[in-house]
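S.K.: This is the structure I have questions about; it appears just below.
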Amino acid sequence: MRSTPLTYNTTRAFYARPTVEVARDLLGTILRHGAAAARIVEVEAYLGESDTAAHSARGPTPRTQVLFGPPGHAYVYLIYGMHYCLNIAAEREGKAGCVLIRAVEPIAGVGLPTNGPGKLTRALGITLEHYGADLTGGSLIVCAPARRTTFDIGVSPRIRIKKAIDLPLRFFIQGNRYVSGSVPK
DNA sequence: GTAATGATCTCT
DNA sequence: GAGATCATTACC
């Protein structure tokens, strides 16, 4: 049994920045849900404007309203009728933009694979009940490591979307074994 | 009301 | 490479 790293909660200001910056800075942070903890190793940025691949591209809808609300809140949705995906709203209130958590590295209390968007939500027990949850305080939170670790950040186009596939908005920790093995077609 | 779509995963 | 499986969205 190893001790988990000392951590401090992320702040609202952390998320109230350009989506791409938030996405990059989320790499290496700790996602906690109850007793489960995992390190974020792969993310994708979805921009609110001029990003046809984003759910927020065509304006607010009942589902995407949280993306236009205050940053630092969870956007969870069911995809393909089977899997939940966890996103974190970025940008200031009134402007859409979010970061999809694609893969995490288990730290404690995780007994299932986490190398994929649908897998990590299942492994951490994240469901629609977390829709709109405040990730700066609550049962589901994101913490930053007390000791900053350094790593190389890899960049690539986003995976398995059908629009705007040319944009390099996927970020991951270079060489980390928990980065999803999915390869764009 | 009806139909198309999809930021996935698992098995073959 | 294909199927599972359903909420959301767009359109009639």
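Lettering and numbering for the structure tokens are positional, with chains as A, B, ... in the shown order, residues counted from 1 in each chain, and ligands counted from 1 in the shown order.
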At a cut-off of 8 Å, which residues of chain C touch chain A? Count only C-alpha atoms (C1' of nucleotides) and give the answer as a list of chain:residue names.

M.R.: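 Here is what falls inside 8 Å: C:DT5, C:DC6, C:DA7, C:DT8.
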
S.K.: List every residue of chain A that DSSP, applied to the backbone of this structure, assigns to strand (DSSP E), and report them as a PyMOL selection string.

M.R.: chain A and resi 7-9+30-33+36-47+74-79+83-89+97-108+140-145+153-156+170-173

S.K.: Contacts of DC11 in chain B at 12 Å or less, counting only C-alpha atoms (C1' of nucleotides), minus same-chain residues fewer than 4 places along, as a list in words?

M.R.: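 These residues fall inside the cut-off: DG1, DA2, DG3 and DA4 of chain C.
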
S.K.: Tell me which protein, DNA and RNA residues are within 9 Å of DA7 in chain B, counting only C-alpha atoms (C1' of nucleotides), leaving out same-chain ones fewer than 3 positions away, and put them as a list of chain:residue names.

M.R.: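 Skipping anything fewer than 3 positions along the chain leaves A:Glu44, A:Tyr46, A:Ala53, A:Ala54, A:His55, A:Ile79, A:Cys85, A:Leu100, A:Arg102, A:Pro117, A:Arg158, A:Ile159, A:Arg160, A:Ile161.
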
S.K.: Give me the residues of chain B that have any atom at most 9 Å from an atom of chain A; for each, the nearest atom pair and the distance in Å, rounded to one decimal. Use only C-alpha atoms (C1' of nucleotides), sort by chain and number, and format it as a Markdown table.

M.R.:
| residue | atom | partner | partner_atom | distance |
| --- | --- | --- | --- | --- |
| B:DG6 | C1' | A:Tyr80 | CA | 5.9 |
| B:DA7 | C1' | A:Ile161 | CA | 6.2 |
| B:DT8 | C1' | A:Gly118 | CA | 6.2 |
| B:DC9 | C1' | A:Gly118 | CA | 7.6 |

S.K.: So that I have them on file, write out the residues from the current selection with C-alpha atoms (C1' of nucleotides), as a compact mmCIF listing (two decimals), in the first residue's frame.

M.R.:
# COMPACT_ATOMS: atom_id res chain seq x y z
C1' DG B 6 -22.50 9.32 -31.99
C1' DA B 7 -16.04 12.49 -28.16
C1' DT B 8 -16.96 3.82 -27.28
C1' DC B 9 -15.90 -0.83 -26.12

S.K.: One decimal, in Å: what's the spacing between CA of Pro70 in chain A and CA of Ile30 in chain A?

M.R.: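 Taking CA of Pro70 in chain A and CA of Ile30 in chain A, their separation equals 20.9 Å.
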
S.K.: Name the residues of range 103-185 of chain A that fall into alpha helix (DSSP H) according to DSSP on the backbone, using the chain letters and numbers of this document, as a PyMOL selection string.

M.R.: chain A and resi 117-124

S.K.: Could you name the residues that touch Leu135 in chain A at 12 Å or less, counting only C-alpha atoms (C1' of nucleotides), but leaving out those on the same chain fewer than 6 positions away, as a count of residues only?

M.R.: 25

S.K.: Would you mind listing what lies within 8 Å of Phe68 in chain A as an NGL selection string, with only C-alpha atoms (C1' of nucleotides) counted and same-chain residues fewer than 3 positions away left out?

M.R.: :A and (60 or 64-65 or 89 or 93-97)

S.K.: Write the residues of the preceding selection, restricted to N, CA and C atoms, as a compact mmCIF listing (two decimals), in the first residue's frame.

M.R.:
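File written: out_34.txt
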# COMPACT_ATOMS: atom_id res chain seq x y z
N PRO A 60 -26.36 26.58 -27.01
CA PRO A 60 -26.77 25.84 -25.82
C PRO A 60 -28.01 24.99 -26.09
N THR A 64 -26.20 20.62 -23.10
CA THR A 64 -24.90 21.30 -23.09
C THR A 64 -24.87 22.59 -22.28
N GLN A 65 -25.94 22.88 -21.55
CA GLN A 65 -25.98 24.15 -20.84
C GLN A 65 -24.82 24.31 -19.86
N ALA A 89 -15.83 21.65 -17.88
CA ALA A 89 -16.11 22.93 -18.53
C ALA A 89 -14.96 23.90 -18.28
N GLU A 93 -17.70 32.02 -17.62
CA GLU A 93 -19.13 31.75 -17.73
C GLU A 93 -19.70 32.47 -18.94
N GLY A 94 -20.53 31.78 -19.70
CA GLY A 94 -21.12 32.38 -20.89
C GLY A 94 -20.40 31.98 -22.16
N LYS A 95 -19.21 31.42 -22.01
CA LYS A 95 -18.47 30.96 -23.16
C LYS A 95 -18.21 29.46 -23.05
N ALA A 96 -18.56 28.73 -24.10
CA ALA A 96 -18.41 27.28 -24.06
C ALA A 96 -16.96 26.86 -24.28
N GLY A 97 -16.67 25.63 -23.96
CA GLY A 97 -15.32 25.09 -24.07
C GLY A 97 -15.17 24.03 -23.01

S.K.: Write out as an MDAnalysis selection string each polymer residue whose atoms come within 12 Å of DA4 in chain B, counting only C-alpha atoms (C1' of nucleotides); drop sequence neighbours fewer than 3 positions from it.

M.R.: chainID C and resid 8:11

S.K.: For C-alpha atoms (C1' of nucleotides), I'd like the residues from the last selection saved as a JSON list (two decimals), in the first residue's frame.

M.R.:
[["chain", "number", "residue", "atom", "x", "y", "z"],
["C", 8, "DT", "C1'", -30.17, 13.88, -27.61],
["C", 9, "DT", "C1'", -31.15, 16.44, -31.62],
["C", 10, "DA", "C1'", -33.18, 17.82, -35.94],
["C", 11, "DC", "C1'", -36.82, 17.61, -38.78]]

S.K.: Against range 36-40 of chain A, which residues of range 70-185 of chain A fall within 7 Å? For each one I want the closest pair of atoms and the distance in Å (one decimal), counting only C-alpha atoms, rows by chain and increasing residue number, as a Markdown table.

M.R.:
| residue | atom | partner | partner_atom | distance |
| --- | --- | --- | --- | --- |
| A:Ala103 | CA | A:Ile40 | CA | 6.3 |
| A:Val104 | CA | A:Ile40 | CA | 4.3 |
| A:Glu105 | CA | A:Arg39 | CA | 4.8 |
| A:Pro106 | CA | A:Ala38 | CA | 4.4 |
| A:Ile107 | CA | A:Ala38 | CA | 4.8 |
| A:Ala108 | CA | A:Ala37 | CA | 5.1 |
| A:Gly109 | CA | A:Ala36 | CA | 4.3 |
| A:Val110 | CA | A:Ala36 | CA | 5.8 |
| A:Leu124 | CA | A:Ala36 | CA | 6.4 |

S.K.: Take the selection from the previous step and output its residues with C-alpha atoms, as an mmCIF file, in the first residue's frame.

M.R.:
data_model
loop_
_atom_site.group_PDB
_atom_site.id
_atom_site.type_symbol
_atom_site.label_atom_id
_atom_site.label_comp_id
_atom_site.auth_asym_id
_atom_site.auth_seq_id
_atom_site.Cartn_x
_atom_site.Cartn_y
_atom_site.Cartn_z
ATOM 1 C CA ALA A 103 -7.408 8.328 -19.915
ATOM 2 C CA VAL A 104 -6.147 8.231 -16.345
ATOM 3 C CA GLU A 105 -3.488 6.303 -14.428
ATOM 4 C CA PRO A 106 -4.806 4.435 -11.348
ATOM 5 C CA ILE A 107 -3.329 5.600 -8.039
ATOM 6 C CA ALA A 108 -5.623 4.105 -5.412
ATOM 7 C CA GLY A 109 -8.947 2.330 -5.139
ATOM 8 C CA VAL A 110 -9.264 1.549 -8.843
ATOM 9 C CA LEU A 124 -14.217 5.463 -11.146
#
